[in-house]
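Here is query35.pdb, consisting of PDB, C-alpha atoms, pLDDT in the B column:
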```
MODEL        1
ATOM      1  CA  MET A   1      -5.181  -4.030   8.584  1.00 89.00           C
ATOM      2  CA  LEU A   2      -3.114  -6.963   9.861  1.00 96.00           C
ATOM      3  CA  VAL A   3      -4.310  -8.852  12.917  1.00 96.00           C
ATOM      4  CA  GLY A   4      -2.070 -10.667  15.355  1.00 95.00           C
ATOM      5  CA  ARG A   5      -2.920 -12.544  18.530  1.00 95.00           C
ATOM      6  CA  ASP A   6      -3.435  -9.414  20.673  1.00 97.00           C
ATOM      7  CA  VAL A   7      -2.556  -6.527  18.356  1.00 98.00           C
ATOM      8  CA  ARG A   8      -3.548  -5.205  14.996  1.00 97.00           C
ATOM      9  CA  LEU A   9      -1.329  -3.272  12.626  1.00 98.00           C
ATOM     10  CA  ARG A  10      -2.996  -0.507  10.657  1.00 97.00           C
ATOM     11  CA  ALA A  11      -1.686   2.070   8.240  1.00 95.00           C
ATOM     12  CA  VAL A  12       0.044   5.038   9.844  1.00 96.00           C
ATOM     13  CA  ASP A  13      -2.109   8.131   9.563  1.00 94.00           C
ATOM     14  CA  ARG A  14      -1.523  11.844  10.045  1.00 94.00           C
ATOM     15  CA  ASP A  15      -3.707  11.601  13.171  1.00 94.00           C
ATOM     16  CA  ASP A  16      -0.997   9.394  14.758  1.00 95.00           C
ATOM     17  CA  LEU A  17       1.648  12.118  14.603  1.00 94.00           C
ATOM     18  CA  PRO A  18       0.787  13.985  17.844  1.00 94.00           C
ATOM     19  CA  ARG A  19       0.983  10.665  19.701  1.00 93.00           C
ATOM     20  CA  PHE A  20       4.390   9.929  18.127  1.00 93.00           C
ATOM     21  CA  VAL A  21       5.643  13.372  19.206  1.00 93.00           C
ATOM     22  CA  GLU A  22       4.441  12.641  22.744  1.00 93.00           C
ATOM     23  CA  TRP A  23       6.246   9.287  22.850  1.00 93.00           C
ATOM     24  CA  PHE A  24       9.488  10.618  21.385  1.00 91.00           C
ATOM     25  CA  SER A  25       9.530  13.509  23.863  1.00 90.00           C
ATOM     26  CA  ASP A  26      10.160  10.928  26.594  1.00 90.00           C
ATOM     27  CA  PRO A  27      13.917  10.247  27.007  1.00 89.00           C
ATOM     28  CA  GLU A  28      13.165   6.720  28.264  1.00 91.00           C
ATOM     29  CA  VAL A  29      11.314   5.886  25.028  1.00 91.00           C
ATOM     30  CA  ARG A  30      14.067   7.502  22.896  1.00 89.00           C
ATOM     31  CA  ARG A  31      16.873   5.781  24.805  1.00 87.00           C
ATOM     32  CA  TYR A  32      17.376   2.942  22.305  1.00 85.00           C
ATOM     33  CA  LEU A  33      16.303   4.744  19.132  1.00 86.00           C
ATOM     34  CA  ASP A  34      18.527   6.449  16.568  1.00 83.00           C
ATOM     35  CA  MET A  35      17.064   9.782  17.600  1.00 81.00           C
ATOM     36  CA  TYR A  36      18.542  11.520  20.605  1.00 78.00           C
ATOM     37  CA  LEU A  37      16.479  14.713  20.559  1.00 79.00           C
ATOM     38  CA  PRO A  38      12.682  15.063  20.710  1.00 81.00           C
ATOM     39  CA  PHE A  39      10.808  16.034  17.536  1.00 82.00           C
ATOM     40  CA  SER A  40       8.364  18.886  17.130  1.00 89.00           C
ATOM     41  CA  LEU A  41       5.037  18.268  15.428  1.00 91.00           C
ATOM     42  CA  ALA A  42       6.337  20.183  12.376  1.00 94.00           C
ATOM     43  CA  GLN A  43       9.382  17.891  12.165  1.00 92.00           C
ATOM     44  CA  GLU A  44       7.163  14.835  12.564  1.00 92.00           C
ATOM     45  CA  GLN A  45       4.911  16.100   9.754  1.00 94.00           C
ATOM     46  CA  ARG A  46       7.974  16.501   7.500  1.00 94.00           C
ATOM     47  CA  TRP A  47       9.070  12.967   8.450  1.00 93.00           C
ATOM     48  CA  PHE A  48       5.585  11.707   7.560  1.00 94.00           C
ATOM     49  CA  GLU A  49       5.757  13.284   4.092  1.00 96.00           C
ATOM     50  CA  ASN A  50       9.101  11.537   3.496  1.00 95.00           C
ATOM     51  CA  LEU A  51       7.611   8.286   4.787  1.00 95.00           C
ATOM     52  CA  LEU A  52       4.757   8.535   2.280  1.00 95.00           C
ATOM     53  CA  GLU A  53       7.295   8.937  -0.537  1.00 95.00           C
ATOM     54  CA  ARG A  54       9.293   5.888   0.634  1.00 95.00           C
ATOM     55  CA  MET A  55       6.080   3.881   0.895  1.00 95.00           C
ATOM     56  CA  GLU A  56       4.977   4.898  -2.616  1.00 95.00           C
ATOM     57  CA  LYS A  57       8.367   3.710  -3.913  1.00 95.00           C
ATOM     58  CA  HIS A  58       7.873   0.411  -2.027  1.00 96.00           C
ATOM     59  CA  GLU A  59      11.032   1.040   0.027  1.00 96.00           C
ATOM     60  CA  THR A  60       9.213   1.012   3.377  1.00 97.00           C
ATOM     61  CA  VAL A  61       6.048  -0.342   4.955  1.00 97.00           C
ATOM     62  CA  MET A  62       4.939   1.054   8.304  1.00 97.00           C
ATOM     63  CA  PHE A  63       2.044   0.445  10.638  1.00 98.00           C
ATOM     64  CA  THR A  64       0.662   1.801  13.877  1.00 97.00           C
ATOM     65  CA  ILE A  65       0.356  -0.891  16.544  1.00 98.00           C
ATOM     66  CA  GLU A  66      -3.021  -1.029  18.281  1.00 98.00           C
ATOM     67  CA  VAL A  67      -4.106  -3.333  21.105  1.00 97.00           C
ATOM     68  CA  GLU A  68      -7.200  -5.340  20.125  1.00 94.00           C
ATOM     69  CA  GLU A  69      -8.614  -5.353  23.663  1.00 92.00           C
ATOM     70  CA  ASP A  70      -8.866  -1.586  24.211  1.00 94.00           C
ATOM     71  CA  ASN A  71      -8.013   0.010  20.812  1.00 92.00           C
ATOM     72  CA  ALA A  72      -5.002   1.772  22.371  1.00 95.00           C
ATOM     73  CA  ARG A  73      -2.347   3.083  19.968  1.00 96.00           C
ATOM     74  CA  ILE A  74       0.859   1.876  21.575  1.00 97.00           C
ATOM     75  CA  GLY A  75       3.627   2.085  18.974  1.00 96.00           C
ATOM     76  CA  ASN A  76       4.713   1.593  15.414  1.00 97.00           C
ATOM     77  CA  ILE A  77       6.527  -1.030  13.380  1.00 98.00           C
ATOM     78  CA  SER A  78       8.162  -0.931   9.981  1.00 98.00           C
ATOM     79  CA  LEU A  79      10.110  -2.778   7.363  1.00 98.00           C
ATOM     80  CA  PHE A  80      12.516  -0.381   5.670  1.00 97.00           C
ATOM     81  CA  ASP A  81      15.381  -0.446   3.199  1.00 97.00           C
ATOM     82  CA  ILE A  82      13.420  -3.134   1.370  1.00 98.00           C
ATOM     83  CA  ASN A  83      15.596  -4.773  -1.268  1.00 98.00           C
ATOM     84  CA  TRP A  84      13.285  -6.522  -3.720  1.00 97.00           C
ATOM     85  CA  LYS A  85      16.075  -8.097  -5.784  1.00 97.00           C
ATOM     86  CA  ASP A  86      17.787  -9.822  -2.856  1.00 98.00           C
ATOM     87  CA  ARG A  87      14.498 -10.116  -0.921  1.00 98.00           C
ATOM     88  CA  HIS A  88      15.479  -8.611   2.419  1.00 98.00           C
ATOM     89  CA  ALA A  89      14.537  -5.703   4.666  1.00 98.00           C
ATOM     90  CA  GLU A  90      15.293  -4.218   8.066  1.00 98.00           C
ATOM     91  CA  LEU A  91      12.753  -4.214  10.897  1.00 98.00           C
ATOM     92  CA  GLY A  92      12.165  -1.354  13.321  1.00 97.00           C
ATOM     93  CA  ILE A  93       9.687  -1.214  16.186  1.00 97.00           C
ATOM     94  CA  THR A  94       8.833   1.189  18.989  1.00 95.00           C
ATOM     95  CA  ILE A  95       6.381   0.583  21.795  1.00 96.00           C
ATOM     96  CA  GLY A  96       5.979   4.215  22.759  1.00 95.00           C
ATOM     97  CA  ASP A  97       3.277   3.837  25.408  1.00 95.00           C
ATOM     98  CA  LYS A  98       5.196   2.645  28.467  1.00 95.00           C
ATOM     99  CA  ALA A  99       2.006   1.297  30.082  1.00 95.00           C
ATOM    100  CA  TYR A 100       2.189  -1.489  27.465  1.00 95.00           C
ATOM    101  CA  TRP A 101       5.852  -2.420  27.955  1.00 94.00           C
ATOM    102  CA  ASN A 102       6.694  -5.993  29.044  1.00 92.00           C
ATOM    103  CA  ARG A 103       3.258  -7.353  28.137  1.00 94.00           C
ATOM    104  CA  GLY A 104       4.095  -9.277  24.942  1.00 94.00           C
ATOM    105  CA  TYR A 105       2.583  -6.771  22.513  1.00 96.00           C
ATOM    106  CA  GLY A 106       5.930  -6.061  20.854  1.00 95.00           C
ATOM    107  CA  THR A 107       6.581  -9.748  20.197  1.00 95.00           C
ATOM    108  CA  ASP A 108       3.065 -10.163  18.791  1.00 96.00           C
ATOM    109  CA  ALA A 109       3.537  -7.135  16.513  1.00 97.00           C
ATOM    110  CA  ILE A 110       6.894  -8.487  15.309  1.00 97.00           C
ATOM    111  CA  ARG A 111       5.426 -11.906  14.512  1.00 97.00           C
ATOM    112  CA  THR A 112       2.530 -10.258  12.673  1.00 97.00           C
ATOM    113  CA  MET A 113       4.947  -8.133  10.642  1.00 98.00           C
ATOM    114  CA  LEU A 114       7.147 -11.150   9.872  1.00 98.00           C
ATOM    115  CA  ALA A 115       4.097 -13.044   8.585  1.00 97.00           C
ATOM    116  CA  LEU A 116       3.545 -10.154   6.155  1.00 98.00           C
ATOM    117  CA  ALA A 117       7.228 -10.068   5.197  1.00 98.00           C
ATOM    118  CA  PHE A 118       7.549 -13.787   4.500  1.00 97.00           C
ATOM    119  CA  HIS A 119       4.043 -14.915   3.499  1.00 96.00           C
ATOM    120  CA  GLU A 120       2.869 -11.896   1.489  1.00 96.00           C
ATOM    121  CA  MET A 121       5.931  -9.878   0.434  1.00 97.00           C
ATOM    122  CA  ASN A 122       7.970 -13.017  -0.322  1.00 97.00           C
ATOM    123  CA  LEU A 123      11.050 -11.713   1.491  1.00 98.00           C
ATOM    124  CA  HIS A 124      13.803 -14.168   2.332  1.00 98.00           C
ATOM    125  CA  ARG A 125      15.506 -12.339   5.209  1.00 98.00           C
ATOM    126  CA  VAL A 126      14.641  -9.699   7.792  1.00 98.00           C
ATOM    127  CA  MET A 127      17.352  -8.173   9.923  1.00 98.00           C
ATOM    128  CA  LEU A 128      17.567  -5.590  12.669  1.00 98.00           C
ATOM    129  CA  ARG A 129      20.021  -3.685  14.789  1.00 97.00           C
ATOM    130  CA  VAL A 130      19.519  -3.420  18.546  1.00 97.00           C
ATOM    131  CA  HIS A 131      21.523  -1.822  21.340  1.00 95.00           C
ATOM    132  CA  ALA A 132      23.386  -4.576  23.191  1.00 96.00           C
ATOM    133  CA  ASP A 133      22.082  -3.359  26.567  1.00 94.00           C
ATOM    134  CA  ASN A 134      18.426  -3.360  25.426  1.00 94.00           C
ATOM    135  CA  VAL A 135      17.639  -6.705  27.035  1.00 93.00           C
ATOM    136  CA  ARG A 136      13.851  -6.286  26.765  1.00 91.00           C
ATOM    137  CA  ALA A 137      14.020  -5.845  22.981  1.00 95.00           C
ATOM    138  CA  ILE A 138      16.541  -8.648  22.457  1.00 96.00           C
ATOM    139  CA  THR A 139      14.264 -10.999  24.399  1.00 94.00           C
ATOM    140  CA  ALA A 140      11.264 -10.023  22.239  1.00 93.00           C
ATOM    141  CA  TYR A 141      13.278 -10.533  19.042  1.00 96.00           C
ATOM    142  CA  GLN A 142      14.482 -13.954  20.170  1.00 95.00           C
ATOM    143  CA  LYS A 143      10.906 -14.973  21.060  1.00 93.00           C
ATOM    144  CA  ALA A 144       9.918 -14.023  17.506  1.00 94.00           C
ATOM    145  CA  GLY A 145      12.700 -16.250  16.105  1.00 95.00           C
ATOM    146  CA  PHE A 146      15.540 -13.798  15.426  1.00 97.00           C
ATOM    147  CA  GLN A 147      19.090 -15.041  15.896  1.00 97.00           C
ATOM    148  CA  ARG A 148      22.139 -13.044  16.873  1.00 97.00           C
ATOM    149  CA  GLU A 149      24.388 -12.618  13.821  1.00 98.00           C
ATOM    150  CA  GLY A 150      27.095 -10.248  14.954  1.00 98.00           C
ATOM    151  CA  THR A 151      28.167  -7.214  16.923  1.00 98.00           C
ATOM    152  CA  LEU A 152      29.092  -3.717  15.830  1.00 98.00           C
ATOM    153  CA  ARG A 153      31.509  -2.864  18.598  1.00 98.00           C
ATOM    154  CA  GLU A 154      31.174   0.535  20.300  1.00 97.00           C
ATOM    155  CA  SER A 155      29.055   1.897  17.459  1.00 96.00           C
ATOM    156  CA  VAL A 156      26.579   3.919  19.528  1.00 93.00           C
ATOM    157  CA  PHE A 157      27.499   6.918  21.685  1.00 93.00           C
ATOM    158  CA  ARG A 158      24.958   7.616  24.413  1.00 88.00           C
ATOM    159  CA  GLU A 159      25.265   9.486  27.710  1.00 88.00           C
ATOM    160  CA  GLY A 160      29.034   9.800  27.347  1.00 93.00           C
ATOM    161  CA  VAL A 161      29.653   6.073  26.753  1.00 94.00           C
ATOM    162  CA  TYR A 162      30.100   3.914  23.654  1.00 96.00           C
ATOM    163  CA  TYR A 163      27.832   0.865  23.391  1.00 95.00           C
ATOM    164  CA  ASP A 164      27.787  -2.152  21.110  1.00 97.00           C
ATOM    165  CA  MET A 165      25.040  -2.735  18.580  1.00 97.00           C
ATOM    166  CA  VAL A 166      23.848  -6.309  18.003  1.00 98.00           C
ATOM    167  CA  LEU A 167      22.846  -7.508  14.542  1.00 98.00           C
ATOM    168  CA  MET A 168      20.027 -10.042  14.458  1.00 98.00           C
ATOM    169  CA  GLY A 169      18.276 -11.759  11.582  1.00 98.00           C
ATOM    170  CA  ILE A 170      15.663 -14.313  10.633  1.00 98.00           C
ATOM    171  CA  LEU A 171      15.194 -16.227   7.377  1.00 98.00           C
ATOM    172  CA  ASP A 172      11.850 -17.193   5.878  1.00 96.00           C
ATOM    173  CA  GLY A 173      12.388 -20.910   6.573  1.00 95.00           C
ATOM    174  CA  GLU A 174      13.283 -20.197  10.197  1.00 95.00           C
ATOM    175  CA  PHE A 175      10.125 -18.151  10.632  1.00 94.00           C
ATOM    176  CA  LYS A 176       7.960 -20.899   9.136  1.00 81.00           C
ATOM    177  CA  ARG A 177       9.500 -23.416  11.580  1.00 75.00           C
ATOM    178  CA  HIS A 178       9.101 -20.964  14.480  1.00 69.00           C
ATOM    179  CA  ASP A 179       5.605 -19.777  13.467  1.00 63.00           C
TER     180      ASP A 179
ENDMDL
END
```

Written as structure tokens, how would this file's structure read?
Amino acid sequence: MLVGRDVRLRAVDRDDLPRFVEWFSDPEVRRYLDMYLPFSLAQEQRWFENLLERMEKHETVMFTIEVEEDNARIGNISLFDINWKDRHAELGITIGDKAYWNRGYGTDAIRTMLALAFHEMNLHRVMLRVHADNVRAITAYQKAGFQREGTLRESVFREGVYYDMVLMGILDGEFKRHD
């Protein structure tokens, strides 16, 4: 288990899957994710089996985000596409429980995950992709030390409109200065 200021990150477990299905059934939660349709529990179980394989191959690490104060499971966070040779990975996070949005838990989870990435995994760079109109997420990423690196123009089609995707990244030295 990894402990942040207000959250703890613990290994994803099969018992988390019904909660994930609940979150991803909400169009507002799915709005900025790569998925555009809700998942069934069977699909989520298949996803979990694939996740276990990626974790065993050290391609992905994933945690459930819990709030220290009340033990609530509020989301998940991962490092995926881990490249051990070049020492970089991509970050993904979802705060699925909307009651915990805009309360700083996402930023705390990101900082906790970056401490793992840079201090324990010895990564050099962590990057992410975020929808350009997802102001809440961009703010959280910037608070954690990420910098805007570029834009993938009109790369996401949602609700009949094309949107830009922003690329952001942070290097180990930047995190240590920001930490």

**Asked** Can you list, as a ChimeraX atom specification, the residues that the PyMOL selection byres ((chain A and resi 34) around 12) selects here?
**Response** /A:24,29-33,35-38,92-94,129-131,155-158,165

**Message:** Assuming the chain letters and numbering stay as they are in my file, what does the PyMOL selection byres ((chain A and resi 68) around 9) actually select? List them as a list of chain:residue names.
**Reply:**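 Output from the PyMOL selection byres ((chain A and resi 68) around 9), applied to this file: A:Val3, A:Gly4, A:Arg5, A:Asp6, A:Val7, A:Arg8, A:Glu66, A:Val67, A:Glu69, A:Asp70, A:Asn71, A:Ala72.
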
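Listed by chain and then by number, the residues chosen by the PyMOL selection byres ((chain A and resi 104) around 12) in this file are A:Gly4, A:Arg5, A:Asp6, A:Val7, A:Val67, A:Ile95, A:Ala99, A:Tyr100, A:Trp101, A:Asn102, A:Arg103, A:Tyr105, A:Gly106, A:Thr107, A:Asp108, A:Ala109, A:Ile110, A:Arg111, A:Arg136, A:Ala137, A:Thr139, A:Ala140, A:Tyr141, A:Lys143, A:Ala144.
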
**Request:** Just give me the gap between atom CA of Leu167 of chain A and atom CA of Glu56 of chain A in Å, one decimal is fine.
**Result:**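 The value is 27.7 Å.
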
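Counting from atom CA of Arg73 of chain A, the distance to atom CA of Lys98 of chain A is 11.4 Å.
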
**Request:** Skip Met55 of chain A itself and residues of its chain fewer than 2 positions away, then list as a PyMOL selection string all residues within 12 Å of it, counting only C-alpha atoms.
**Result:** chain A and resi 11-12+48-53+57-63+78-82

Some atoms are absent from segment 127-144 of chain A, so rebuild N, CA and C atoms and return them as a PDB file, in the coordinates of the input.
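Final output, saved to part.pdb:
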```pdb
ATOM      1  N   MET A 127      16.311  -8.403   8.923  1.00 98.00           N
ATOM      2  CA  MET A 127      17.352  -8.173   9.923  1.00 98.00           C
ATOM      3  C   MET A 127      16.995  -6.958  10.758  1.00 98.00           C
ATOM      4  N   LEU A 128      17.749  -6.764  11.829  1.00 98.00           N
ATOM      5  CA  LEU A 128      17.567  -5.590  12.669  1.00 98.00           C
ATOM      6  C   LEU A 128      18.853  -5.307  13.405  1.00 98.00           C
ATOM      7  N   ARG A 129      18.915  -4.111  13.923  1.00 97.00           N
ATOM      8  CA  ARG A 129      20.021  -3.685  14.789  1.00 97.00           C
ATOM      9  C   ARG A 129      19.413  -3.292  16.130  1.00 97.00           C
ATOM     10  N   VAL A 130      20.046  -3.714  17.213  1.00 97.00           N
ATOM     11  CA  VAL A 130      19.519  -3.420  18.546  1.00 97.00           C
ATOM     12  C   VAL A 130      20.685  -3.112  19.479  1.00 97.00           C
ATOM     13  N   HIS A 131      20.493  -2.150  20.361  1.00 95.00           N
ATOM     14  CA  HIS A 131      21.523  -1.822  21.340  1.00 95.00           C
ATOM     15  C   HIS A 131      21.761  -3.040  22.226  1.00 95.00           C
ATOM     16  N   ALA A 132      23.024  -3.367  22.448  1.00 96.00           N
ATOM     17  CA  ALA A 132      23.386  -4.576  23.191  1.00 96.00           C
ATOM     18  C   ALA A 132      22.832  -4.577  24.614  1.00 96.00           C
ATOM     19  N   ASP A 133      22.602  -3.412  25.199  1.00 94.00           N
ATOM     20  CA  ASP A 133      22.082  -3.359  26.567  1.00 94.00           C
ATOM     21  C   ASP A 133      20.555  -3.266  26.617  1.00 94.00           C
ATOM     22  N   ASN A 134      19.888  -3.394  25.471  1.00 94.00           N
ATOM     23  CA  ASN A 134      18.426  -3.360  25.426  1.00 94.00           C
ATOM     24  C   ASN A 134      17.890  -4.797  25.557  1.00 94.00           C
ATOM     25  N   VAL A 135      17.976  -5.303  26.755  1.00 93.00           N
ATOM     26  CA  VAL A 135      17.639  -6.705  27.035  1.00 93.00           C
ATOM     27  C   VAL A 135      16.176  -7.000  26.722  1.00 93.00           C
ATOM     28  N   ARG A 136      15.277  -6.076  27.027  1.00 91.00           N
ATOM     29  CA  ARG A 136      13.851  -6.286  26.765  1.00 91.00           C
ATOM     30  C   ARG A 136      13.603  -6.512  25.274  1.00 91.00           C
ATOM     31  N   ALA A 137      14.217  -5.707  24.429  1.00 95.00           N
ATOM     32  CA  ALA A 137      14.020  -5.845  22.981  1.00 95.00           C
ATOM     33  C   ALA A 137      14.660  -7.130  22.463  1.00 95.00           C
ATOM     34  N   ILE A 138      15.863  -7.432  22.912  1.00 96.00           N
ATOM     35  CA  ILE A 138      16.541  -8.648  22.457  1.00 96.00           C
ATOM     36  C   ILE A 138      15.708  -9.874  22.802  1.00 96.00           C
ATOM     37  N   THR A 139      15.124  -9.887  23.992  1.00 94.00           N
ATOM     38  CA  THR A 139      14.264 -10.999  24.399  1.00 94.00           C
ATOM     39  C   THR A 139      13.061 -11.127  23.471  1.00 94.00           C
ATOM     40  N   ALA A 140      12.425 -10.002  23.141  1.00 93.00           N
ATOM     41  CA  ALA A 140      11.264 -10.023  22.239  1.00 93.00           C
ATOM     42  C   ALA A 140      11.672 -10.530  20.858  1.00 93.00           C
ATOM     43  N   TYR A 141      12.818 -10.093  20.365  1.00 96.00           N
ATOM     44  CA  TYR A 141      13.278 -10.533  19.042  1.00 96.00           C
ATOM     45  C   TYR A 141      13.566 -12.035  19.032  1.00 96.00           C
ATOM     46  N   GLN A 142      14.193 -12.524  20.094  1.00 95.00           N
ATOM     47  CA  GLN A 142      14.482 -13.954  20.170  1.00 95.00           C
ATOM     48  C   GLN A 142      13.194 -14.771  20.250  1.00 95.00           C
ATOM     49  N   LYS A 143      12.199 -14.280  20.993  1.00 93.00           N
ATOM     50  CA  LYS A 143      10.906 -14.973  21.060  1.00 93.00           C
ATOM     51  C   LYS A 143      10.252 -15.055  19.688  1.00 93.00           C
ATOM     52  N   ALA A 144      10.493 -14.045  18.853  1.00 94.00           N
ATOM     53  CA  ALA A 144       9.918 -14.023  17.506  1.00 94.00           C
ATOM     54  C   ALA A 144      10.745 -14.850  16.520  1.00 94.00           C
TER      55      ALA A 144
END
```
